[in-house]
Amino acid sequence: MPNANLPPGLGTALDELRATLDRAAELARQLDAKPGSDADLEARLADVESDRRELSTRLADYEHQVGRLMNLYVATYQLHATLDPAEVQSTIAEIATNLLGAERFVLLFWKESDSGECEIALSQGMEDEKSGFYEKGIYGGGDPAVDATLSDGVLRIGPIEGSEALACVPLMVQGTTVGALVILKLFDHKEALKPEDRDLLDLLAAHAASALFAARVYSTTDRKLKTLESLVKLVRKPT
Amino acid sequence: MKPRKILVVDDSKLLHRMFEMMLRQYPLVHAYDGQDGLERLAENRDIDLILLDVNMPRMNGLEFLAVVKADAQLAKIPVIVVTTEGAEKDAEKALAAGAAAYVKKPFRNEDLLSAIEKLTAAA
């Protein structure tokens, strides 16, 4: 309330001062309330940090999955990219070495005669092999896991009792087992086959033999065709 | 920034295909043995990084590395040796001969990408 004894204008100044003090008091009250607001901000920050961590984990998982799918795609692509049997075999070896980390392995195919033996179409790292099962380019049986896979066409991943094989991958063509890829040792830095390797082993079971079979059929047909063409040329040659 | 150009020297077609998929953001130059790698280097003077296998026909990775490191211009290009466990001694020899890093096969894509990014960023 304006004081009559005060000089003119001072009352207004006092009113302004009171209003300023009121605003200051209001700000002080807001400041008192701030610790609560900090806690709120901290909680939100913690939420954001937790979301960031979860997204980061998911991103790493997705990257890993993308890598796994890429391996599968490249392996399939490369297996069917050629009709040269030697190149298909080389691709199978590259998949075993570069994607599965196999240091020692053999690729077996049933011999066409009913000898009960398999020819060793491809082998790697077998120089120090001591089991005696894989000799002179022939597997004559003896490893229970390999024999079982060759017989029932089931993929087996070791360790398997009584067998030195870490994995026996059946090679199938139109539902028939025509051979097996036997992995006997992994590189030292790869302790064991991982769950994602199972996909690659399944892929090999389904695609390796059919790719090799198609390449062999093509190669034989091509050779026969060239022989016939030569014969036809010879017959048509004017004497 | 201009994407870094990478020379891949490896006799495995599978790995060349893999690198094509994995390193889509980088222009790649392909070579299938050391001799082929040197020819590609002569044709492409703007290579920023080399991915090098050790066991290859004609000229292996260590022989290729020796030639590269003996050339004042080429010696500046960082080399990542991509090798198997059995060739770990070769990888150590490669590091001693001037390779910047090595990655063991089978590698995790993330690990190789991280090594490449580190070296291309530093270059």
# chains A, B, ... in the order shown; residues from 1 in each chain; ligands from 1
>>> closest_atom_pairs(of="segment 140-221 of chain A", to="segment 100-117 of chain B", cutoff="10 Å", atoms="only C-alpha atoms", output="Markdown table")
| residue | atom | partner | partner_atom | distance |
| --- | --- | --- | --- | --- |
| A:Phe187 | CA | B:Lys105 | CA | 9.0 |
| A:His189 | CA | B:Lys104 | CA | 8.3 |
| A:Lys190 | CA | B:Pro106 | CA | 8.4 |
>>> write_last_selection(atoms="C-alpha atoms", output="PDB file, in the first residue's frame")
ATOM      1  CA  PHE A 187      42.765 -75.261 -36.758  1.00  0.00           C
ATOM      2  CA  HIS A 189      42.541 -71.251 -32.991  1.00  0.00           C
ATOM      3  CA  LYS A 190      39.104 -72.768 -33.652  1.00  0.00           C
TER       4      LYS A 190
END
>>> interface_residues(of="chain A", to="chain B", cutoff="7 Å", atoms="only C-alpha atoms", output="ChimeraX atom specification")
/A:67,74,78,91,94,98-101,187-189
>>> atom_distance(atom1="atom CA of Gly142 of chain A", atom2="atom CA of Ala165 of chain A")
11.7 Å
>>> select_by_dssp(residues="segment 40-116 of chain B", states="alpha helix (DSSP H)", output="PyMOL selection string")
chain B and resi 40-43+61-70+88-96+109-116
>>> write_last_selection(atoms="C-alpha atoms", output="mmCIF file, in the first residue's frame")
data_model
loop_
_atom_site.group_PDB
_atom_site.id
_atom_site.type_symbol
_atom_site.label_atom_id
_atom_site.label_comp_id
_atom_site.auth_asym_id
_atom_site.auth_seq_id
_atom_site.Cartn_x
_atom_site.Cartn_y
_atom_site.Cartn_z
ATOM 1 C CA ARG B 40 47.660 -55.168 -60.728
ATOM 2 C CA LEU B 41 49.740 -52.785 -58.586
ATOM 3 C CA ALA B 42 51.567 -51.570 -61.698
ATOM 4 C CA GLU B 43 48.226 -50.854 -63.381
ATOM 5 C CA GLY B 61 52.467 -63.827 -50.180
ATOM 6 C CA LEU B 62 55.860 -63.442 -48.478
ATOM 7 C CA GLU B 63 57.672 -63.087 -51.812
ATOM 8 C CA PHE B 64 55.075 -60.547 -52.945
ATOM 9 C CA LEU B 65 55.464 -58.613 -49.683
ATOM 10 C CA ALA B 66 59.258 -58.507 -50.067
ATOM 11 C CA VAL B 67 58.924 -56.939 -53.533
ATOM 12 C CA VAL B 68 56.313 -54.420 -52.327
ATOM 13 C CA LYS B 69 58.344 -53.347 -49.299
ATOM 14 C CA ALA B 70 61.493 -52.945 -51.422
ATOM 15 C CA GLU B 88 50.927 -68.590 -38.384
ATOM 16 C CA LYS B 89 54.704 -68.636 -38.617
ATOM 17 C CA ASP B 90 54.358 -67.203 -42.098
ATOM 18 C CA ALA B 91 52.126 -64.472 -40.664
ATOM 19 C CA GLU B 92 54.795 -63.635 -38.090
ATOM 20 C CA LYS B 93 57.369 -63.500 -40.876
ATOM 21 C CA ALA B 94 55.010 -61.222 -42.802
ATOM 22 C CA LEU B 95 54.698 -58.873 -39.809
ATOM 23 C CA ALA B 96 58.484 -58.797 -39.507
ATOM 24 C CA ASN B 109 33.647 -60.283 -40.831
ATOM 25 C CA GLU B 110 33.557 -57.665 -38.060
ATOM 26 C CA ASP B 111 37.197 -58.326 -37.171
ATOM 27 C CA LEU B 112 38.447 -57.923 -40.724
ATOM 28 C CA LEU B 113 36.319 -54.814 -41.280
ATOM 29 C CA SER B 114 37.612 -53.285 -38.092
ATOM 30 C CA ALA B 115 41.248 -53.915 -39.136
ATOM 31 C CA ILE B 116 40.584 -52.408 -42.559
#
>>> select_by_dssp(residues="chain B", states="strand (DSSP E)", output="PyMOL selection string")
chain B and resi 6-9+28-31+49-52+79-84+101-105
>>> write_last_selection(atoms="N, CA and C atoms", output="compact mmCIF listing (two decimals), in the first residue's frame")
# COMPACT_ATOMS: atom_id res chain seq x y z
N ILE B 6 41.12 -51.16 -52.55
CA ILE B 6 41.80 -52.30 -51.92
C ILE B 6 42.19 -53.34 -52.96
N LEU B 7 43.43 -53.82 -52.87
CA LEU B 7 43.89 -54.92 -53.72
C LEU B 7 43.78 -56.22 -52.92
N VAL B 8 43.05 -57.20 -53.46
CA VAL B 8 42.91 -58.50 -52.80
C VAL B 8 43.80 -59.50 -53.56
N VAL B 9 44.78 -60.07 -52.86
CA VAL B 9 45.68 -61.05 -53.49
C VAL B 9 45.44 -62.39 -52.78
N LEU B 28 37.36 -52.66 -55.31
CA LEU B 28 38.33 -53.75 -55.15
C LEU B 28 39.06 -54.04 -56.46
N VAL B 29 40.31 -54.43 -56.34
CA VAL B 29 41.08 -54.92 -57.48
C VAL B 29 41.47 -56.35 -57.11
N HIS B 30 41.25 -57.29 -58.04
CA HIS B 30 41.47 -58.71 -57.71
C HIS B 30 42.75 -59.27 -58.35
N ALA B 31 43.49 -60.04 -57.55
CA ALA B 31 44.67 -60.75 -58.08
C ALA B 31 44.69 -62.13 -57.45
N LEU B 49 45.23 -50.11 -49.81
CA LEU B 49 45.41 -51.20 -48.84
C LEU B 49 45.49 -52.53 -49.60
N ILE B 50 46.26 -53.47 -49.04
CA ILE B 50 46.37 -54.79 -49.68
C ILE B 50 45.93 -55.87 -48.68
N LEU B 51 45.03 -56.77 -49.13
CA LEU B 51 44.66 -57.96 -48.35
C LEU B 51 45.42 -59.12 -48.98
N LEU B 52 46.25 -59.79 -48.21
CA LEU B 52 47.21 -60.73 -48.80
C LEU B 52 47.14 -62.12 -48.16
N VAL B 79 49.54 -53.46 -45.49
CA VAL B 79 49.19 -54.81 -45.94
C VAL B 79 48.60 -55.59 -44.75
N ILE B 80 47.43 -56.19 -44.97
CA ILE B 80 46.85 -57.09 -43.96
C ILE B 80 47.01 -58.52 -44.49
N VAL B 81 47.69 -59.36 -43.72
CA VAL B 81 47.87 -60.75 -44.13
C VAL B 81 46.68 -61.56 -43.60
N VAL B 82 46.04 -62.29 -44.51
CA VAL B 82 44.88 -63.12 -44.13
C VAL B 82 45.33 -64.57 -44.28
N THR B 83 45.47 -65.25 -43.16
CA THR B 83 46.10 -66.58 -43.24
C THR B 83 45.45 -67.59 -42.30
N THR B 84 45.79 -68.87 -42.51
CA THR B 84 45.27 -69.93 -41.65
C THR B 84 46.23 -70.16 -40.48
N ALA B 101 49.16 -55.86 -40.26
CA ALA B 101 48.33 -56.68 -39.36
C ALA B 101 48.09 -58.04 -40.01
N TYR B 102 47.59 -58.99 -39.19
CA TYR B 102 47.15 -60.24 -39.81
C TYR B 102 45.87 -60.74 -39.16
N VAL B 103 45.07 -61.42 -39.98
CA VAL B 103 43.77 -61.95 -39.54
C VAL B 103 43.76 -63.43 -39.87
N LYS B 104 43.30 -64.23 -38.89
CA LYS B 104 43.28 -65.68 -39.11
C LYS B 104 41.98 -66.13 -39.77
N LYS B 105 42.11 -67.08 -40.71
CA LYS B 105 40.93 -67.69 -41.31
C LYS B 105 40.51 -68.89 -40.46
>>> residues_around(residues="segment 118-125 of chain A", least_positions_apart="5", cutoff="12 Å", atoms="only C-alpha atoms", output="JSON list (two decimals) with C-alpha atoms, in the first residue's frame")
[["chain", "number", "residue", "atom", "x", "y", "z"],
["A", 85, "PRO", "CA", 34.48, -81.00, -61.36],
["A", 86, "ALA", "CA", 38.00, -80.05, -60.18],
["A", 87, "GLU", "CA", 36.84, -76.51, -59.44],
["A", 88, "VAL", "CA", 33.79, -77.75, -57.50],
["A", 89, "GLN", "CA", 36.08, -79.98, -55.39],
["A", 90, "SER", "CA", 38.38, -77.05, -54.84],
["A", 91, "THR", "CA", 35.40, -74.96, -53.66],
["A", 92, "ILE", "CA", 34.40, -77.69, -51.20],
["A", 93, "ALA", "CA", 37.96, -77.65, -49.84],
["A", 94, "GLU", "CA", 37.90, -73.83, -49.61],
["A", 96, "ALA", "CA", 36.02, -76.48, -45.29],
["A", 97, "THR", "CA", 39.24, -74.55, -44.75],
["A", 102, "ALA", "CA", 39.04, -77.45, -40.97],
["A", 103, "GLU", "CA", 42.73, -78.31, -40.99],
["A", 104, "ARG", "CA", 42.33, -82.01, -41.79],
["A", 105, "PHE", "CA", 39.46, -83.50, -43.80],
["A", 106, "VAL", "CA", 38.55, -86.03, -46.50],
["A", 107, "LEU", "CA", 35.87, -86.07, -49.15],
["A", 108, "LEU", "CA", 34.57, -89.59, -49.76],
["A", 109, "PHE", "CA", 32.43, -90.96, -52.59],
["A", 110, "TRP", "CA", 31.03, -94.47, -52.87],
["A", 111, "LYS", "CA", 32.84, -96.37, -55.61],
["A", 112, "GLU", "CA", 30.65, -97.30, -58.55],
["A", 113, "SER", "CA", 31.38, -101.00, -58.05],
["A", 130, "LYS", "CA", 47.64, -92.64, -38.30],
["A", 133, "PHE", "CA", 41.30, -95.87, -42.37],
["A", 134, "TYR", "CA", 42.25, -93.57, -45.22],
["A", 135, "GLU", "CA", 44.97, -95.16, -47.28],
["A", 136, "LYS", "CA", 45.90, -95.38, -50.97],
["A", 137, "GLY", "CA", 42.97, -93.18, -51.96],
["A", 138, "ILE", "CA", 40.44, -95.57, -50.45],
["A", 139, "TYR", "CA", 38.26, -95.58, -47.34],
["A", 140, "GLY", "CA", 37.30, -99.19, -46.67],
["A", 141, "GLY", "CA", 35.24, -98.56, -43.52],
["A", 142, "GLY", "CA", 36.19, -98.79, -39.87],
["A", 146, "VAL", "CA", 31.70, -92.25, -40.86],
["A", 147, "ASP", "CA", 30.22, -95.70, -41.57],
["A", 150, "LEU", "CA", 27.53, -93.21, -45.18],
["A", 151, "SER", "CA", 24.81, -95.71, -44.35],
["A", 177, "THR", "CA", 23.85, -90.70, -49.94],
["A", 178, "VAL", "CA", 26.68, -90.72, -52.45],
["A", 179, "GLY", "CA", 29.50, -89.95, -50.03],
["A", 180, "ALA", "CA", 30.56, -87.91, -47.03],
["A", 181, "LEU", "CA", 32.77, -85.03, -46.01],
["A", 182, "VAL", "CA", 34.66, -86.06, -42.88],
["A", 183, "ILE", "CA", 36.28, -83.32, -40.80],
["A", 184, "LEU", "CA", 39.03, -84.77, -38.63],
["A", 185, "LYS", "CA", 40.75, -81.71, -37.16],
["A", 186, "LEU", "CA", 40.14, -77.99, -36.83],
["A", 187, "PHE", "CA", 42.77, -75.26, -36.76],
["A", 209, "ALA", "CA", 27.34, -83.51, -53.99],
["A", 212, "LEU", "CA", 29.87, -82.09, -58.12],
["B", 86, "GLY", "CA", 48.94, -73.55, -39.97]]
>>> atom_distance(atom1="atom CA of Thr149 of chain A", atom2="atom CA of Leu193 of chain A")
17.9 Å
>>> closest_residue(among="A:Thr220, A:Thr176, A:Asn71, A:Ser115", to="Asp152 of chain A", atoms="only C-alpha atoms")
A:Thr176
>>> atom_distance(atom1="atom CA of Met59 of chain B", atom2="atom CA of Asp71 of chain B")
16.9 Å
>>> residues_around(residues="Asp11 of chain B", least_positions_apart="4", cutoff="8 Å", atoms="only C-alpha atoms", output="number ranges by chain")
B: 31-33, 53, 56-57
>>> write_last_selection(atoms="C-alpha atoms", output="PDB file, in the first residue's frame")
ATOM      1  CA  ALA B  31      44.674 -60.749 -58.079  1.00  0.00           C
ATOM      2  CA  TYR B  32      45.050 -64.525 -57.761  1.00  0.00           C
ATOM      3  CA  ASP B  33      48.743 -64.877 -56.860  1.00  0.00           C
ATOM      4  CA  ASP B  53      47.035 -64.512 -48.575  1.00  0.00           C
ATOM      5  CA  MET B  56      49.586 -69.080 -53.320  1.00  0.00           C
ATOM      6  CA  PRO B  57      50.956 -70.587 -56.542  1.00  0.00           C
TER       7      PRO B  57
END
